[in-house]
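To keep things clear, I will list the structure first and then write my remarks on it.
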Amino acid sequence: MDKQQSQVDLANKLTLREALRHKDVVRNELIAGVTGFFAISYIIIVNPLILKDAGIPTDLSVFATIFSSVIGCLIMAFWANAPIILTPGMGVNAFFTYTIVVNMGLSWQEALGIAAVASFVYMLIAFTKVSTILSEAIPESLKSGITAGIGLFLVEIGLEKAGLIVAGKSSLIVLGDLTKPTPLLALFGLVLSLILYIRKVKGNFFIAIIATSLLAFFFGVKDSDTPSVDLARLGQYHKIAFQNDFSHLLSTPFILAAFSMTMILVFESMGLLQGLLPNQKKFKKTFEGSSVTTFLSSFLGTSPTVAAAESASGIESGGRTGIMALTAAVLFALSLIFVPLLAYVPSAAIAPVIVITGALMMAAIGNIKMADFSEWFPAFLIIVLIPFTNSISTGLAFGFVCYPIMKLALGKGKDLTWPVYLLGVLFLCDLVFSAML
């Protein structure tokens, strides 16, 4: 075992205070935190652009996105001591904007109220034995499917950010234009990242991001959608903070939307943490911390937070403790001042790291019993439907509904525990209610 791997294994067992006493561990964690931050930094730009369609002012939404991310990462650092970055989640922000506000016709203030109710239920589950019962009830094949599905989802995100795949006219996805600077720069970053990774160079992903960003600067490749943020606008932040509307709490649309969002928050978070955490003993506190951050985010004026799948980039760089999350928190706080500088770290520099991280997570497929189709097919549904639907919760729903059905068809229903049946029913209800919204 090489020295770097032994340091990572050591960090996995250390408390935050103990980790801070080991210089080598701290160095690894700092690199992991920086890598993880840059991998998810696009959320500072993308989340406000999505919430803009719900009616939330973009510049104020940037503040809310940063504040909720800072709080979430601090909670991960000091409460859970986990290498997890919490930010407003992609997917749940789309549900918030396009399902609740645009399709259902509710106001963004009501959507914040729905998020608060859903996250309160999430907290009740997280801080009781229910979370442990549900997490332990998930079959191993589905856990592996969740990890692999999130990995494939990351690969899709990375390839899309790199411009290597684009929406096609006659087919869903086609190869991007390889004559354009962004795909070519991303291919350079991918080759460099791969070489550094397989050579086990310390700080491999971080080095690749910096090198690719420098090349982008030299050739004038820059993302065009970085919003301008004026700190003077902080005085207007109260216009979106604590604006939750609970006036229609008992109406049918409010209840249905709250149920669907609860399912997304609870099981997307559970699936992400099952797939990301190197040390599953930290699951309970991480799940609790995630629920608290999600609840707070609704009052900060943004869509709910979840564990960022891109945390895997930092974890692959050696992140094992809350120092990684603390580093990300500091960088999110600094980004409040330096948001325009994020444009100098283009998507093409981040995408290769996301792709490689996703590929590494897909290795979990090897843990699934391929010879048993009743184990493999539900996991397969999770793996393919997460990226194909751009929704982790939808992929989970189909897999968890299919699993008990296949076991019952084989006459193995007695082998299943009641939580497995409960999860199947809840996810079936979620699919039905989602279709009704």
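Letters for chains follow the order of the structure tokens (A, B, ...), residue numbers begin at 1 for each chain, and ligand numbers begin at 1 in the order shown.
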
Find the residues around range 198-211 of chain A up to 10 Å (only C-alpha atoms counted), leave out those fewer than 4 positions away in its own chain, and share them as a VMD selection string.
chain A and resid 2 4 to 5 27 to 28 30 to 36 38 to 39 188 to 194 215 to 217 313 to 314 316 to 318 344 to 354 356 to 357

Shell of 6 Å around range 405-418 of chain A, only C-alpha atoms, local chain residues under 3 positions omitted, as a PyMOL selection string
chain A and resi 374+402+421

Set the distance at 12 Å and use only C-alpha atoms: which residues neighbour Leu422 in chain A once local chain neighbours fewer than 2 positions away are removed? I'd like the list as a tab-separated table (two decimals) with all heavy atoms, in the first residue's frame.
chain	number	residue	atom	x	y	z
A	130	VAL	N	-36.28	5.76	11.92
A	130	VAL	CA	-36.83	5.48	10.60
A	130	VAL	C	-35.74	5.52	9.53
A	130	VAL	O	-35.70	4.67	8.64
A	130	VAL	CB	-37.95	6.48	10.25
A	130	VAL	CG1	-38.46	6.23	8.82
A	130	VAL	CG2	-39.08	6.38	11.24
A	133	ILE	N	-33.70	2.32	9.70
A	133	ILE	CA	-34.50	1.18	9.23
A	133	ILE	C	-34.57	1.18	7.70
A	133	ILE	O	-34.37	0.14	7.05
A	133	ILE	CB	-35.92	1.23	9.83
A	133	ILE	CG1	-35.88	0.99	11.34
A	133	ILE	CG2	-36.83	0.20	9.15
A	133	ILE	CD1	-37.21	1.23	12.03
A	134	LEU	N	-34.84	2.36	7.12
A	134	LEU	CA	-34.96	2.44	5.67
A	134	LEU	C	-33.62	2.20	4.97
A	134	LEU	O	-33.56	1.47	3.98
A	134	LEU	CB	-35.51	3.81	5.27
A	134	LEU	CG	-36.96	4.12	5.67
A	134	LEU	CD1	-37.34	5.53	5.25
A	134	LEU	CD2	-37.92	3.11	5.05
A	137	ALA	N	-32.65	-1.38	5.07
A	137	ALA	CA	-33.55	-2.26	4.32
A	137	ALA	C	-33.24	-2.30	2.83
A	137	ALA	O	-33.67	-3.21	2.12
A	137	ALA	CB	-35.00	-1.82	4.53
A	138	ILE	N	-32.50	-1.33	2.34
A	138	ILE	CA	-32.21	-1.27	0.91
A	138	ILE	C	-31.32	-2.45	0.52
A	138	ILE	O	-30.23	-2.61	1.06
A	138	ILE	CB	-31.52	0.06	0.54
A	138	ILE	CG1	-32.44	1.24	0.87
A	138	ILE	CG2	-31.14	0.08	-0.94
A	138	ILE	CD1	-31.80	2.60	0.65
A	400	PHE	N	-37.08	0.59	-7.15
A	400	PHE	CA	-37.67	0.12	-5.88
A	400	PHE	C	-39.07	-0.46	-6.07
A	400	PHE	O	-39.50	-1.31	-5.29
A	400	PHE	CB	-37.70	1.25	-4.86
A	400	PHE	CG	-36.40	1.43	-4.13
A	400	PHE	CD1	-35.38	2.20	-4.67
A	400	PHE	CD2	-36.18	0.81	-2.92
A	400	PHE	CE1	-34.17	2.35	-4.02
A	400	PHE	CE2	-34.97	0.96	-2.25
A	400	PHE	CZ	-33.96	1.73	-2.79
A	401	VAL	N	-39.79	-0.01	-7.09
A	401	VAL	CA	-41.10	-0.61	-7.39
A	401	VAL	C	-40.91	-1.96	-8.06
A	401	VAL	O	-41.63	-2.93	-7.76
A	401	VAL	CB	-41.93	0.34	-8.30
A	401	VAL	CG1	-43.18	-0.39	-8.82
A	401	VAL	CG2	-42.32	1.59	-7.54
A	403	TYR	N	-38.34	-4.09	-7.82
A	403	TYR	CA	-37.67	-5.12	-7.01
A	403	TYR	C	-38.65	-6.07	-6.32
A	403	TYR	O	-38.55	-7.30	-6.50
A	403	TYR	CB	-36.75	-4.45	-5.99
A	403	TYR	CG	-35.84	-5.42	-5.26
A	403	TYR	CD1	-34.64	-5.83	-5.82
A	403	TYR	CD2	-36.20	-5.94	-4.01
A	403	TYR	CE1	-33.80	-6.72	-5.16
A	403	TYR	CE2	-35.37	-6.84	-3.35
A	403	TYR	CZ	-34.18	-7.22	-3.92
A	403	TYR	OH	-33.36	-8.11	-3.26
A	404	PRO	N	-39.61	-5.59	-5.53
A	404	PRO	CA	-40.54	-6.53	-4.89
A	404	PRO	C	-41.43	-7.27	-5.88
A	404	PRO	O	-41.81	-8.43	-5.63
A	404	PRO	CB	-41.36	-5.65	-3.94
A	404	PRO	CG	-41.20	-4.26	-4.45
A	404	PRO	CD	-39.85	-4.21	-5.09
A	416	LEU	N	-38.52	-10.96	1.62
A	416	LEU	CA	-38.43	-9.51	1.70
A	416	LEU	C	-38.91	-8.99	3.05
A	416	LEU	O	-39.83	-9.54	3.64
A	416	LEU	CB	-39.26	-8.86	0.59
A	416	LEU	CG	-38.89	-9.23	-0.85
A	416	LEU	CD1	-39.81	-8.51	-1.82
A	416	LEU	CD2	-37.45	-8.88	-1.15
A	417	THR	N	-38.29	-7.93	3.53
A	417	THR	CA	-38.72	-7.30	4.78
A	417	THR	C	-39.81	-6.27	4.50
A	417	THR	O	-39.95	-5.80	3.36
A	417	THR	CB	-37.54	-6.60	5.47
A	417	THR	OG1	-37.00	-5.62	4.58
A	417	THR	CG2	-36.44	-7.62	5.82
A	418	TRP	N	-40.57	-5.92	5.55
A	418	TRP	CA	-41.67	-4.97	5.34
A	418	TRP	C	-41.19	-3.60	4.84
A	418	TRP	O	-41.93	-2.96	4.06
A	418	TRP	CB	-42.51	-4.83	6.61
A	418	TRP	CG	-41.83	-4.16	7.77
A	418	TRP	CD1	-41.19	-4.75	8.81
A	418	TRP	CD2	-41.73	-2.75	8.01
A	418	TRP	NE1	-40.67	-3.83	9.68
A	418	TRP	CE2	-41.00	-2.58	9.21
A	418	TRP	CE3	-42.18	-1.62	7.33
A	418	TRP	CZ2	-40.72	-1.32	9.75
A	418	TRP	CZ3	-41.90	-0.36	7.86
A	418	TRP	CH2	-41.18	-0.22	9.05
A	419	PRO	N	-40.00	-3.10	5.24
A	419	PRO	CA	-39.58	-1.81	4.70
A	419	PRO	C	-39.41	-1.82	3.18
A	419	PRO	O	-39.62	-0.79	2.52
A	419	PRO	CB	-38.24	-1.54	5.40
A	419	PRO	CG	-38.31	-2.30	6.67
A	419	PRO	CD	-39.06	-3.55	6.30
A	420	VAL	N	-39.02	-2.97	2.62
A	420	VAL	CA	-38.86	-3.06	1.16
A	420	VAL	C	-40.22	-2.89	0.48
A	420	VAL	O	-40.33	-2.17	-0.53
A	420	VAL	CB	-38.21	-4.40	0.75
A	420	VAL	CG1	-38.17	-4.54	-0.77
A	420	VAL	CG2	-36.81	-4.52	1.32
A	424	GLY	N	-41.49	0.29	-1.87
A	424	GLY	CA	-42.10	0.07	-3.17
A	424	GLY	C	-43.42	0.81	-3.30
A	424	GLY	O	-43.69	1.45	-4.33
A	425	VAL	N	-44.25	0.74	-2.25
A	425	VAL	CA	-45.55	1.42	-2.27
A	425	VAL	C	-45.38	2.94	-2.29
A	425	VAL	O	-46.06	3.64	-3.05
A	425	VAL	CB	-46.39	1.00	-1.04
A	425	VAL	CG1	-47.65	1.85	-0.93
A	425	VAL	CG2	-46.78	-0.47	-1.13
A	426	LEU	N	-44.46	3.45	-1.46
A	426	LEU	CA	-44.23	4.90	-1.41
A	426	LEU	C	-43.73	5.43	-2.75
A	426	LEU	O	-44.19	6.48	-3.22
A	426	LEU	CB	-43.22	5.23	-0.31
A	426	LEU	CG	-43.71	5.11	1.14
A	426	LEU	CD1	-42.56	5.32	2.11
A	426	LEU	CD2	-44.84	6.10	1.41
A	427	PHE	N	-42.81	4.70	-3.37
A	427	PHE	CA	-42.30	5.15	-4.66
A	427	PHE	C	-43.36	5.05	-5.75
A	427	PHE	O	-43.40	5.87	-6.67
A	427	PHE	CB	-41.05	4.36	-5.05
A	427	PHE	CG	-39.77	4.93	-4.50
A	427	PHE	CD1	-39.02	4.23	-3.58
A	427	PHE	CD2	-39.33	6.18	-4.90
A	427	PHE	CE1	-37.84	4.75	-3.06
A	427	PHE	CE2	-38.16	6.72	-4.41
A	427	PHE	CZ	-37.41	6.01	-3.48
A	428	LEU	N	-44.23	4.03	-5.66
A	428	LEU	CA	-45.33	3.92	-6.61
A	428	LEU	C	-46.27	5.12	-6.47
A	428	LEU	O	-46.70	5.71	-7.47
A	428	LEU	CB	-46.09	2.61	-6.40
A	428	LEU	CG	-47.28	2.35	-7.34
A	428	LEU	CD1	-46.80	2.31	-8.80
A	428	LEU	CD2	-47.98	1.05	-6.98
A	429	CYS	N	-46.57	5.48	-5.22
A	429	CYS	CA	-47.41	6.66	-4.97
A	429	CYS	C	-46.74	7.92	-5.51
A	429	CYS	O	-47.41	8.79	-6.08
A	429	CYS	CB	-47.67	6.81	-3.47
A	429	CYS	SG	-48.73	5.53	-2.75

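Interatomic distance, CA of Ser107 in chain A against CA of Ser247 in chain A: 11.4 Å.
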
Among range 48-159 of chain A, which ones does DSSP assign to alpha helix (DSSP H) (computed from the backbone)? Answer as a ChimeraX atom specification.
/A:48-52,58-75,92-94,108-126,129-137,140-159

For each of A:Lys143, A:Lys52, A:Lys23, A:Lys129, take the minimum atom-to-atom distance to Gln274 in chain A, counting only C-alpha atoms, then give the residue where this is smallest.
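Nearest to Gln274 in chain A: A:Lys143.
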
Which is closest to Leu250 in chain A among A:Gly91, A:Ala11, A:Val117, A:Ser290, if we use only C-alpha atoms?
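That would be A:Val117, the residue with the smallest distance to Leu250 in chain A.
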
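Shortest separation to Gly271 in chain A among A:Ser119, A:Thr321, A:Ser131, A:Ser213 occurs at residue A:Ser131, atoms counted being only C-alpha atoms.
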
Point-to-point distance in Å for CA of Thr65 in chain A and CA of Thr97 in chain A:
14.8 Å

If you count only C-alpha atoms, the residue of A:Ala111, A:Ile240, A:Ala82, A:Ala94 closest to Asp59 in chain A turns out to be A:Ile240

Spatial neighbours of range 66-73 of chain A, 6 Å, only C-alpha atoms, chain gap at least 5 places, as a list in words
Ile85, Leu86, Thr87, Thr293, Ser297, Ala325, Ala329 and Phe332 of chain A

Students should find that CA of Phe218 in chain A and CA of Thr182 in chain A are spaced 13.1 Å

Excluding range 254-258 of chain A and residues on its chain fewer than 5 positions from it, collect all residues at most 10 Å away from it, counting only C-alpha atoms, and give them as a PyMOL selection string.
chain A and resi 95-96+99-100+104+106+110-111+113-119+121+246-249+263-264+430+433-434+436-437
